[in-house]
file input.cif (mmCIF, C-alpha atoms and all ligand atoms)
data_data
#
loop_
_atom_site.group_PDB
_atom_site.id
_atom_site.type_symbol
_atom_site.label_atom_id
_atom_site.label_comp_id
_atom_site.auth_asym_id
_atom_site.auth_seq_id
_atom_site.Cartn_x
_atom_site.Cartn_y
_atom_site.Cartn_z
ATOM 1 C CA MET J 1 0.000 0.000 0.000
ATOM 2 C CA HIS J 2 2.875 2.351 0.838
ATOM 3 C CA GLU J 3 4.479 1.690 -2.536
ATOM 4 C CA ARG J 4 1.244 2.199 -4.437
ATOM 5 C CA ALA J 5 0.562 5.406 -2.512
ATOM 6 C CA HIS J 6 4.106 6.667 -3.082
ATOM 7 C CA ASP J 7 4.571 5.663 -6.687
ATOM 8 C CA GLY J 8 1.454 7.055 -8.327
ATOM 9 C CA PRO J 9 1.772 10.296 -10.248
ATOM 10 C CA ASP J 10 1.093 13.675 -8.653
ATOM 11 C CA LYS J 11 -2.095 15.172 -10.045
ATOM 12 C CA THR J 12 -4.494 18.068 -9.771
ATOM 13 C CA LYS J 13 -8.240 17.523 -9.958
ATOM 14 C CA ALA J 14 -11.199 19.693 -8.994
ATOM 15 C CA GLY J 15 -9.055 22.143 -7.025
ATOM 16 C CA VAL J 16 -7.119 19.432 -5.209
ATOM 17 C CA ARG J 17 -3.404 18.924 -5.794
ATOM 18 C CA VAL J 18 -2.363 15.398 -4.766
ATOM 19 C CA VAL J 19 1.366 15.022 -4.033
ATOM 20 C CA ARG J 20 2.874 11.590 -3.338
ATOM 21 C CA GLY J 21 6.049 10.663 -1.507
ATOM 22 C CA LEU J 22 6.642 14.204 -0.253
ATOM 23 C CA ASP J 23 9.855 14.672 1.768
ATOM 24 C CA VAL J 24 9.253 16.599 4.988
ATOM 25 C CA LYS J 25 11.286 17.707 7.981
ATOM 26 C CA SER J 26 11.013 19.630 11.213
ATOM 27 C CA GLU J 27 13.933 21.436 12.838
ATOM 28 C CA ALA J 28 11.885 21.859 16.024
ATOM 29 C CA LEU J 29 11.240 18.118 16.433
ATOM 30 C CA GLY J 30 14.497 16.967 14.818
ATOM 31 C CA LEU J 31 12.554 14.696 12.477
ATOM 32 C CA SER J 32 12.545 14.024 8.758
ATOM 33 C CA GLY J 33 10.593 11.577 6.653
ATOM 34 C CA GLN J 34 8.263 11.123 3.758
ATOM 35 C CA CYS J 35 4.481 11.507 3.548
ATOM 36 C CA ASP J 36 2.538 8.891 1.575
ATOM 37 C CA VAL J 37 0.137 11.473 0.191
ATOM 38 C CA VAL J 38 -0.505 15.153 0.885
ATOM 39 C CA GLU J 39 -3.595 16.805 -0.545
ATOM 40 C CA PHE J 40 -3.608 20.565 -1.048
ATOM 41 C CA HIS J 41 -7.243 21.710 -1.182
ATOM 42 C CA GLN J 42 -8.456 25.129 -2.210
ATOM 43 C CA GLN J 43 -11.281 26.571 -0.135
ATOM 44 C CA VAL J 44 -12.565 23.564 1.738
ATOM 45 C CA GLU J 45 -14.390 23.299 5.015
ATOM 46 C CA THR J 46 -12.604 21.387 7.775
ATOM 47 C CA HIS J 47 -13.983 20.467 11.165
ATOM 48 C CA PHE J 48 -12.753 23.830 12.419
ATOM 49 C CA ALA J 49 -12.958 26.475 9.716
ATOM 50 C CA THR J 50 -13.136 27.392 6.073
ATOM 51 C CA SER J 51 -9.818 28.538 4.643
ATOM 52 C CA ASP J 52 -8.303 29.390 1.252
ATOM 53 C CA LEU J 53 -5.862 26.516 1.434
ATOM 54 C CA SER J 54 -6.130 23.349 3.413
ATOM 55 C CA VAL J 55 -3.340 20.806 3.666
ATOM 56 C CA LEU J 56 -4.379 17.223 4.352
ATOM 57 C CA PRO J 57 -1.732 14.565 5.088
ATOM 58 C CA ILE J 58 -2.854 10.984 4.395
ATOM 59 C CA ASP J 59 -1.045 7.848 5.527
ATOM 60 C CA TYR J 60 -1.750 4.311 4.304
ATOM 61 C CA LYS J 61 -1.416 1.303 6.591
ATOM 62 C CA ARG J 62 -1.660 -2.284 5.468
ATOM 63 C CA GLY J 63 -3.162 -3.522 8.765
ATOM 64 C CA LYS J 64 -5.987 -2.280 10.910
ATOM 65 C CA PRO J 65 -6.452 0.370 13.608
ATOM 66 C CA LYS J 66 -4.380 -0.462 16.678
ATOM 67 C CA ALA J 67 -4.903 -0.341 20.407
ATOM 68 C CA HIS J 68 -2.178 2.314 20.751
ATOM 69 C CA ARG J 69 -1.765 5.743 19.135
ATOM 70 C CA ALA J 70 1.466 5.191 17.159
ATOM 71 C CA ASP J 71 -0.213 5.667 13.758
ATOM 72 C CA GLU J 72 -1.844 8.908 14.896
ATOM 73 C CA VAL J 73 1.479 10.121 16.311
ATOM 74 C CA GLN J 74 3.248 9.325 13.025
ATOM 75 C CA LEU J 75 0.629 11.220 11.033
ATOM 76 C CA CYS J 76 0.708 14.130 13.481
ATOM 77 C CA ALA J 77 4.514 14.262 13.139
ATOM 78 C CA GLN J 78 4.027 14.619 9.371
ATOM 79 C CA ALA J 79 1.546 17.444 9.963
ATOM 80 C CA LEU J 80 3.923 19.230 12.351
ATOM 81 C CA CYS J 81 6.687 18.987 9.735
ATOM 82 C CA LEU J 82 4.360 20.375 7.057
ATOM 83 C CA GLU J 83 3.187 23.192 9.341
ATOM 84 C CA GLU J 84 6.798 24.201 9.983
ATOM 85 C CA MET J 85 7.693 24.018 6.272
ATOM 86 C CA LEU J 86 4.591 25.747 4.886
ATOM 87 C CA GLY J 87 3.604 28.114 7.685
ATOM 88 C CA GLU J 88 0.056 26.746 7.447
ATOM 89 C CA SER J 89 -2.089 25.383 10.233
ATOM 90 C CA ILE J 90 -3.065 21.738 9.647
ATOM 91 C CA PRO J 91 -5.968 20.711 11.863
ATOM 92 C CA GLU J 92 -6.553 17.152 10.663
ATOM 93 C CA GLY J 93 -5.389 14.229 8.526
ATOM 94 C CA ARG J 94 -6.493 10.757 7.411
ATOM 95 C CA LEU J 95 -5.362 7.194 8.019
ATOM 96 C CA PHE J 96 -6.413 4.455 5.593
ATOM 97 C CA TYR J 97 -6.228 0.824 6.723
ATOM 98 C CA GLY J 98 -5.894 -1.829 4.021
ATOM 99 C CA GLN J 99 -7.034 -4.838 6.055
ATOM 100 C CA THR J 100 -10.281 -3.280 7.197
ATOM 101 C CA ARG J 101 -10.562 -0.871 4.241
ATOM 102 C CA ARG J 102 -11.414 1.728 6.830
ATOM 103 C CA ARG J 103 -10.712 5.445 6.849
ATOM 104 C CA MET J 104 -9.976 7.171 10.129
ATOM 105 C CA ASP J 105 -10.151 10.952 10.549
ATOM 106 C CA VAL J 106 -7.400 12.164 12.874
ATOM 107 C CA ILE J 107 -7.765 15.531 14.599
ATOM 108 C CA PHE J 108 -4.460 17.108 15.558
ATOM 109 C CA ASP J 109 -5.596 18.420 18.938
ATOM 110 C CA GLU J 110 -3.339 19.679 21.719
ATOM 111 C CA GLU J 111 -3.146 16.252 23.372
ATOM 112 C CA LEU J 112 -1.974 14.489 20.198
ATOM 113 C CA ARG J 113 0.488 17.300 19.401
ATOM 114 C CA ALA J 114 1.968 17.065 22.907
ATOM 115 C CA LEU J 115 2.212 13.248 22.666
ATOM 116 C CA THR J 116 3.950 13.581 19.291
ATOM 117 C CA ALA J 117 6.461 16.139 20.593
ATOM 118 C CA GLU J 118 7.107 13.935 23.647
ATOM 119 C CA SER J 119 7.588 10.868 21.403
ATOM 120 C CA ALA J 120 10.164 12.785 19.330
ATOM 121 C CA ARG J 121 11.970 13.721 22.540
ATOM 122 C CA TRP J 122 11.988 10.055 23.685
ATOM 123 C CA LEU J 123 13.293 9.037 20.273
ATOM 124 C CA HIS J 124 16.247 11.423 20.568
ATOM 125 C CA GLU J 125 16.965 10.209 24.107
ATOM 126 C CA LEU J 126 16.989 6.647 22.772
ATOM 127 C CA ILE J 127 19.337 7.530 19.915
ATOM 128 C CA ASP J 128 21.627 9.447 22.307
ATOM 129 C CA SER J 129 21.753 6.427 24.638
ATOM 130 C CA ARG J 130 23.178 4.389 21.697
ATOM 131 C CA GLU J 131 21.228 1.358 22.863
ATOM 132 C CA THR J 132 18.829 -0.512 20.619
ATOM 133 C CA PRO J 133 15.793 -1.670 22.565
ATOM 134 C CA PRO J 134 15.134 -5.413 22.343
ATOM 135 C CA ALA J 135 12.613 -6.569 19.737
ATOM 136 C CA VAL J 136 10.001 -8.308 21.858
ATOM 137 C CA TYR J 137 7.358 -10.161 19.865
ATOM 138 C CA GLU J 138 3.816 -9.315 20.906
ATOM 139 C CA ALA J 139 1.149 -10.432 18.469
ATOM 140 C CA ARG J 140 -1.069 -7.483 19.389
ATOM 141 C CA ASN J 141 1.613 -5.005 18.233
ATOM 142 C CA CYS J 142 3.843 -6.912 15.842
ATOM 143 C CA ASP J 143 1.340 -8.655 13.554
ATOM 144 C CA ALA J 144 0.103 -5.315 12.252
ATOM 145 C CA CYS J 145 3.528 -3.616 12.226
ATOM 146 C CA SER J 146 4.947 -2.600 8.831
ATOM 147 C CA LEU J 147 8.500 -3.056 10.182
ATOM 148 C CA ILE J 148 8.093 -6.736 11.017
ATOM 149 C CA GLU J 149 10.146 -7.941 8.021
ATOM 150 C CA LEU J 150 13.043 -5.714 9.051
ATOM 151 C CA CYS J 151 12.672 -6.186 12.785
ATOM 152 C CA ARG J 152 11.957 -9.960 12.838
ATOM 153 C CA PRO J 153 11.093 -10.127 16.540
ATOM 154 C CA ASN J 154 10.275 -13.859 16.237
ATOM 155 C CA ALA J 155 13.837 -14.625 15.177
ATOM 156 C CA MET J 156 15.096 -12.949 18.345
ATOM 157 C CA ARG J 157 12.626 -14.722 20.614
ATOM 158 C CA PHE J 158 14.944 -17.516 21.709
ATOM 159 C CA GLN J 159 18.182 -15.597 21.406
ATOM 160 C CA LYS J 160 19.618 -14.789 24.801
ATOM 161 C CA GLY J 161 23.260 -14.396 23.860
ATOM 162 C CA VAL J 162 26.240 -16.722 23.482
ATOM 163 C CA ALA J 163 26.492 -17.400 27.218
ATOM 164 C CA ALA J 164 22.921 -18.737 27.366
ATOM 165 C CA TRP J 165 23.473 -20.829 24.234
ATOM 166 C CA PHE J 166 26.679 -22.302 25.714
ATOM 167 C CA GLU J 167 24.858 -23.053 28.967
ATOM 168 C CA ARG J 168 22.125 -24.915 27.034
ATOM 169 C CA GLN J 169 24.747 -26.923 25.146
ATOM 170 C CA LEU J 170 26.432 -27.935 28.424
ATOM 171 C CA ILE J 171 23.135 -29.009 29.957
ATOM 172 C CA SER J 172 22.137 -31.068 26.930
ATOM 173 C CA ASN J 173 25.619 -32.687 26.812
ATOM 174 C CA GLU J 174 25.381 -33.537 30.518
ATOM 175 C CA LYS J 175 21.965 -35.131 29.972
ATOM 176 C CA ALA J 176 23.347 -37.146 27.043
ATOM 177 C CA THR J 177 26.210 -38.580 29.140
ATOM 178 C CA VAL J 178 24.142 -39.464 32.267
HETATM 179 S S1 LIG J 201 7.723 -5.879 14.711
HETATM 180 FE FE1 LIG J 201 9.427 -4.919 15.849
HETATM 181 S S2 LIG J 201 9.121 -2.709 15.596
HETATM 182 FE FE2 LIG J 201 7.187 -3.719 15.044
HETATM 183 S S3 LIG J 201 5.987 -3.706 16.960
HETATM 184 FE FE3 LIG J 201 7.088 -5.686 16.868
HETATM 185 S S4 LIG J 201 9.000 -5.326 18.034
HETATM 186 FE FE4 LIG J 201 8.137 -3.272 17.541
#
call {"tool": "encode", "arguments": {"input": "input.cif", "output": "structure tokens"}}
result
Amino acid sequence: MHERAHDGPDKTKAGVRVVRGLDVKSEALGLSGQCDVVEFHQQVETHFATSDLSVLPIDYKRGKPKAHRADEVQLCAQALCLEEMLGESIPEGRLFYGQTRRRMDVIFDEELRALTAESARWLHELIDSRETPPAVYEARNCDACSLIELCRPNAMRFQKGVAAWFERQLISNEKATV
């Protein structure tokens, strides 16, 4: 879904400019990335107001809505980047889920903005610590995660280091010789 969303051509139709794979960044958050799709609407009504230009970030997910807010935070981070780059207020965005074929409207309220800024701060703390957190498989989180092929938490499930492996070898050798 990401590839399809990214790779289609940019186009303009009925006052809406659709831009795919748009690079974005925020100096304030220390983040950079790429939006799946950003729609630039002329004179549309949002939940909050009518304006001459409305910017609508849209992110595509292959899974389904999750029990946590990571997808909303990711989309909000895109909006904060776009706001900083364009000097426009962006009150809302959209998430599309492939598995459920469901659209979710996401309002960038103060709570979500604060959570997004806090998440960016945690991210930088994590990078500064130079420690990679362990990949712990949890079906609830991992089965719908787009990073699972890169992360492979199942492969790490039984890996506890060389010392533990050596210990297991010793025990199984001892059992074999008893
Ligand atoms: S697959 Fe990896 S990155 Fe994704 S939720 Fe699981 S542990 Fe986290």
call {"tool": "residues_near_ligand", "arguments": {"input": "input.cif", "ligand": "ligand LIG 201 (chain J)", "cutoff": "7 Å", "atoms": "all atoms listed in the file", "output": "JSON, numbers by chain"}}
result
{"J": [135, 136, 137, 138, 141, 142, 145, 146, 147, 148, 151, 152, 153]}
call {"tool": "write_last_selection", "arguments": {"input": "input.cif", "atoms": "C-alpha atoms", "output": "compact mmCIF listing (two decimals), in the frame of the given file"}}
result
# COMPACT_ATOMS: atom_id res chain seq x y z
CA ALA J 135 12.61 -6.57 19.74
CA VAL J 136 10.00 -8.31 21.86
CA TYR J 137 7.36 -10.16 19.86
CA GLU J 138 3.82 -9.32 20.91
CA ASN J 141 1.61 -5.00 18.23
CA CYS J 142 3.84 -6.91 15.84
CA CYS J 145 3.53 -3.62 12.23
CA SER J 146 4.95 -2.60 8.83
CA LEU J 147 8.50 -3.06 10.18
CA ILE J 148 8.09 -6.74 11.02
CA CYS J 151 12.67 -6.19 12.78
CA ARG J 152 11.96 -9.96 12.84
CA PRO J 153 11.09 -10.13 16.54
call {"tool": "residues_around", "arguments": {"input": "input.cif", "residues": "Val37 (chain J)", "least_positions_apart": "5", "cutoff": "10 Å", "atoms": "all atoms listed in the file", "output": "count of residues only"}}
result
16
call {"tool": "closest_residue", "arguments": {"input": "input.cif", "among": "J:Ala176, J:Gly30, J:Phe108, J:Pro9", "to": "His124 (chain J)", "atoms": "all atoms listed in the file"}}
result
J:Gly30
call {"tool": "resolve_selection", "arguments": {"input": "input.cif", "expression": "the PyMOL selection byres (((chain J and resi 32) around 12) and not hetatm)", "output": "list in words"}}
result
Leu22, Asp23, Val24, Lys25, Ser26, Glu27, Ala28, Leu29, Gly30, Leu31, Gly33, Gln34, Cys35, Gln74, Ala77, Gln78, Ala79, Leu80, Cys81, Leu82, Glu84, Met85 and Ala120 of chain J
call {"tool": "write_last_selection", "arguments": {"input": "input.cif", "atoms": "C-alpha atoms", "output": "tab-separated table (two decimals), keeping the file's coordinate frame"}}
result
chain	number	residue	atom	x	y	z
J	22	LEU	CA	6.64	14.20	-0.25
J	23	ASP	CA	9.86	14.67	1.77
J	24	VAL	CA	9.25	16.60	4.99
J	25	LYS	CA	11.29	17.71	7.98
J	26	SER	CA	11.01	19.63	11.21
J	27	GLU	CA	13.93	21.44	12.84
J	28	ALA	CA	11.88	21.86	16.02
J	29	LEU	CA	11.24	18.12	16.43
J	30	GLY	CA	14.50	16.97	14.82
J	31	LEU	CA	12.55	14.70	12.48
J	33	GLY	CA	10.59	11.58	6.65
J	34	GLN	CA	8.26	11.12	3.76
J	35	CYS	CA	4.48	11.51	3.55
J	74	GLN	CA	3.25	9.32	13.02
J	77	ALA	CA	4.51	14.26	13.14
J	78	GLN	CA	4.03	14.62	9.37
J	79	ALA	CA	1.55	17.44	9.96
J	80	LEU	CA	3.92	19.23	12.35
J	81	CYS	CA	6.69	18.99	9.74
J	82	LEU	CA	4.36	20.38	7.06
J	84	GLU	CA	6.80	24.20	9.98
J	85	MET	CA	7.69	24.02	6.27
J	120	ALA	CA	10.16	12.78	19.33
call {"tool": "closest_residue", "arguments": {"input": "input.cif", "among": "J:Pro91, J:Gly63, J:Gly98, J:Gly15", "to": "Leu75 (chain J)", "atoms": "only C-alpha atoms"}}
result
J:Pro91
call {"tool": "resolve_selection", "arguments": {"input": "input.cif", "expression": "the PyMOL selection byres (((chain J and resi 67) around 9) and not hetatm)", "output": "ChimeraX atom specification"}}
result
/J:65-66,68-69,140-141
call {"tool": "atom_distance", "arguments": {"input": "input.cif", "atom1": "CA of Trp122 (chain J)", "atom2": "CA of Glu110 (chain J)"}}
result
18.2 Å
call {"tool": "axis_aligned_box", "arguments": {"input": "input.cif", "around": "region 58-70 of chain J", "padding_each_side": "4 Å", "output": "JSON"}}
result
{"center_x": -2.5, "center_y": 3.7, "center_z": 12.5, "size_x": 15.9, "size_y": 22.5, "size_z": 24.4}
call {"tool": "closest_residue", "arguments": {"input": "input.cif", "among": "J:Glu118, J:Asp109, J:Asp128, J:Glu167", "to": "Ser89 (chain J)", "atoms": "all atoms listed in the file"}}
result
J:Asp109
call {"tool": "closest_residue", "arguments": {"input": "input.cif", "among": "J:Arg130, J:Val73, J:Gln99, J:Leu86", "to": "Ala117 (chain J)", "atoms": "all atoms listed in the file"}}
result
J:Val73
call {"tool": "atom_distance", "arguments": {"input": "input.cif", "atom1": "CA of Met104 (chain J)", "atom2": "CA of Ala70 (chain J)"}}
result
13.6 Å
call {"tool": "atom_distance", "arguments": {"input": "input.cif", "atom1": "CA of His41 (chain J)", "atom2": "CA of Ala14 (chain J)"}}
result
9.0 Å
call {"tool": "closest_residue", "arguments": {"input": "input.cif", "among": "J:Ile171, J:Cys76, J:Leu150, J:Leu126", "to": "Asp105 (chain J)", "atoms": "all atoms listed in the file"}}
result
J:Cys76
call {"tool": "build_atoms", "arguments": {"input": "input.cif", "residues": "region 49-68 of chain J", "atoms": "N, CA and C atoms", "output": "PDB file, in the frame of the given file"}}
result
ATOM      1  N   ALA J  49     -12.806  25.190  10.396  1.00  0.00           N
ATOM      2  CA  ALA J  49     -12.958  26.475   9.716  1.00  0.00           C
ATOM      3  C   ALA J  49     -12.953  26.294   8.214  1.00  0.00           C
ATOM      4  N   THR J  50     -13.300  27.366   7.527  1.00  0.00           N
ATOM      5  CA  THR J  50     -13.136  27.392   6.073  1.00  0.00           C
ATOM      6  C   THR J  50     -11.921  28.258   5.768  1.00  0.00           C
ATOM      7  N   SER J  51     -11.012  27.752   4.945  1.00  0.00           N
ATOM      8  CA  SER J  51      -9.818  28.538   4.643  1.00  0.00           C
ATOM      9  C   SER J  51      -9.531  28.460   3.149  1.00  0.00           C
ATOM     10  N   ASP J  52      -8.643  29.360   2.676  1.00  0.00           N
ATOM     11  CA  ASP J  52      -8.303  29.390   1.252  1.00  0.00           C
ATOM     12  C   ASP J  52      -7.522  28.151   0.849  1.00  0.00           C
ATOM     13  N   LEU J  53      -6.670  27.696   1.737  1.00  0.00           N
ATOM     14  CA  LEU J  53      -5.862  26.516   1.434  1.00  0.00           C
ATOM     15  C   LEU J  53      -5.909  25.573   2.627  1.00  0.00           C
ATOM     16  N   SER J  54      -6.143  24.328   2.334  1.00  0.00           N
ATOM     17  CA  SER J  54      -6.130  23.349   3.413  1.00  0.00           C
ATOM     18  C   SER J  54      -5.175  22.240   3.002  1.00  0.00           C
ATOM     19  N   VAL J  55      -4.334  21.838   3.935  1.00  0.00           N
ATOM     20  CA  VAL J  55      -3.340  20.806   3.666  1.00  0.00           C
ATOM     21  C   VAL J  55      -3.751  19.555   4.445  1.00  0.00           C
ATOM     22  N   LEU J  56      -3.866  18.447   3.734  1.00  0.00           N
ATOM     23  CA  LEU J  56      -4.379  17.223   4.352  1.00  0.00           C
ATOM     24  C   LEU J  56      -3.376  16.077   4.167  1.00  0.00           C
ATOM     25  N   PRO J  57      -2.618  15.726   5.217  1.00  0.00           N
ATOM     26  CA  PRO J  57      -1.732  14.565   5.088  1.00  0.00           C
ATOM     27  C   PRO J  57      -2.524  13.259   5.222  1.00  0.00           C
ATOM     28  N   ILE J  58      -2.157  12.276   4.400  1.00  0.00           N
ATOM     29  CA  ILE J  58      -2.854  10.984   4.395  1.00  0.00           C
ATOM     30  C   ILE J  58      -1.804   9.881   4.480  1.00  0.00           C
ATOM     31  N   ASP J  59      -1.999   8.953   5.402  1.00  0.00           N
ATOM     32  CA  ASP J  59      -1.045   7.848   5.527  1.00  0.00           C
ATOM     33  C   ASP J  59      -1.781   6.528   5.323  1.00  0.00           C
ATOM     34  N   TYR J  60      -1.139   5.615   4.615  1.00  0.00           N
ATOM     35  CA  TYR J  60      -1.750   4.311   4.304  1.00  0.00           C
ATOM     36  C   TYR J  60      -1.087   3.226   5.139  1.00  0.00           C
ATOM     37  N   LYS J  61      -1.907   2.404   5.766  1.00  0.00           N
ATOM     38  CA  LYS J  61      -1.416   1.303   6.591  1.00  0.00           C
ATOM     39  C   LYS J  61      -1.984   0.010   6.041  1.00  0.00           C
ATOM     40  N   ARG J  62      -1.146  -1.039   6.038  1.00  0.00           N
ATOM     41  CA  ARG J  62      -1.660  -2.284   5.468  1.00  0.00           C
ATOM     42  C   ARG J  62      -2.590  -3.016   6.441  1.00  0.00           C
ATOM     43  N   GLY J  63      -2.416  -2.767   7.758  1.00  0.00           N
ATOM     44  CA  GLY J  63      -3.162  -3.522   8.765  1.00  0.00           C
ATOM     45  C   GLY J  63      -4.500  -2.910   9.123  1.00  0.00           C
ATOM     46  N   LYS J  64      -4.721  -2.809  10.415  1.00  0.00           N
ATOM     47  CA  LYS J  64      -5.987  -2.280  10.910  1.00  0.00           C
ATOM     48  C   LYS J  64      -5.698  -1.326  12.075  1.00  0.00           C
ATOM     49  N   PRO J  65      -6.690  -0.543  12.480  1.00  0.00           N
ATOM     50  CA  PRO J  65      -6.452   0.370  13.608  1.00  0.00           C
ATOM     51  C   PRO J  65      -5.949  -0.396  14.832  1.00  0.00           C
ATOM     52  N   LYS J  66      -5.059   0.232  15.575  1.00  0.00           N
ATOM     53  CA  LYS J  66      -4.380  -0.462  16.678  1.00  0.00           C
ATOM     54  C   LYS J  66      -4.853   0.052  18.032  1.00  0.00           C
ATOM     55  N   ALA J  67      -4.468  -0.708  19.064  1.00  0.00           N
ATOM     56  CA  ALA J  67      -4.903  -0.341  20.407  1.00  0.00           C
ATOM     57  C   ALA J  67      -4.098   0.838  20.953  1.00  0.00           C
ATOM     58  N   HIS J  68      -2.992   1.175  20.299  1.00  0.00           N
ATOM     59  CA  HIS J  68      -2.178   2.314  20.751  1.00  0.00           C
ATOM     60  C   HIS J  68      -2.269   3.443  19.712  1.00  0.00           C
TER      61      HIS J  68
END
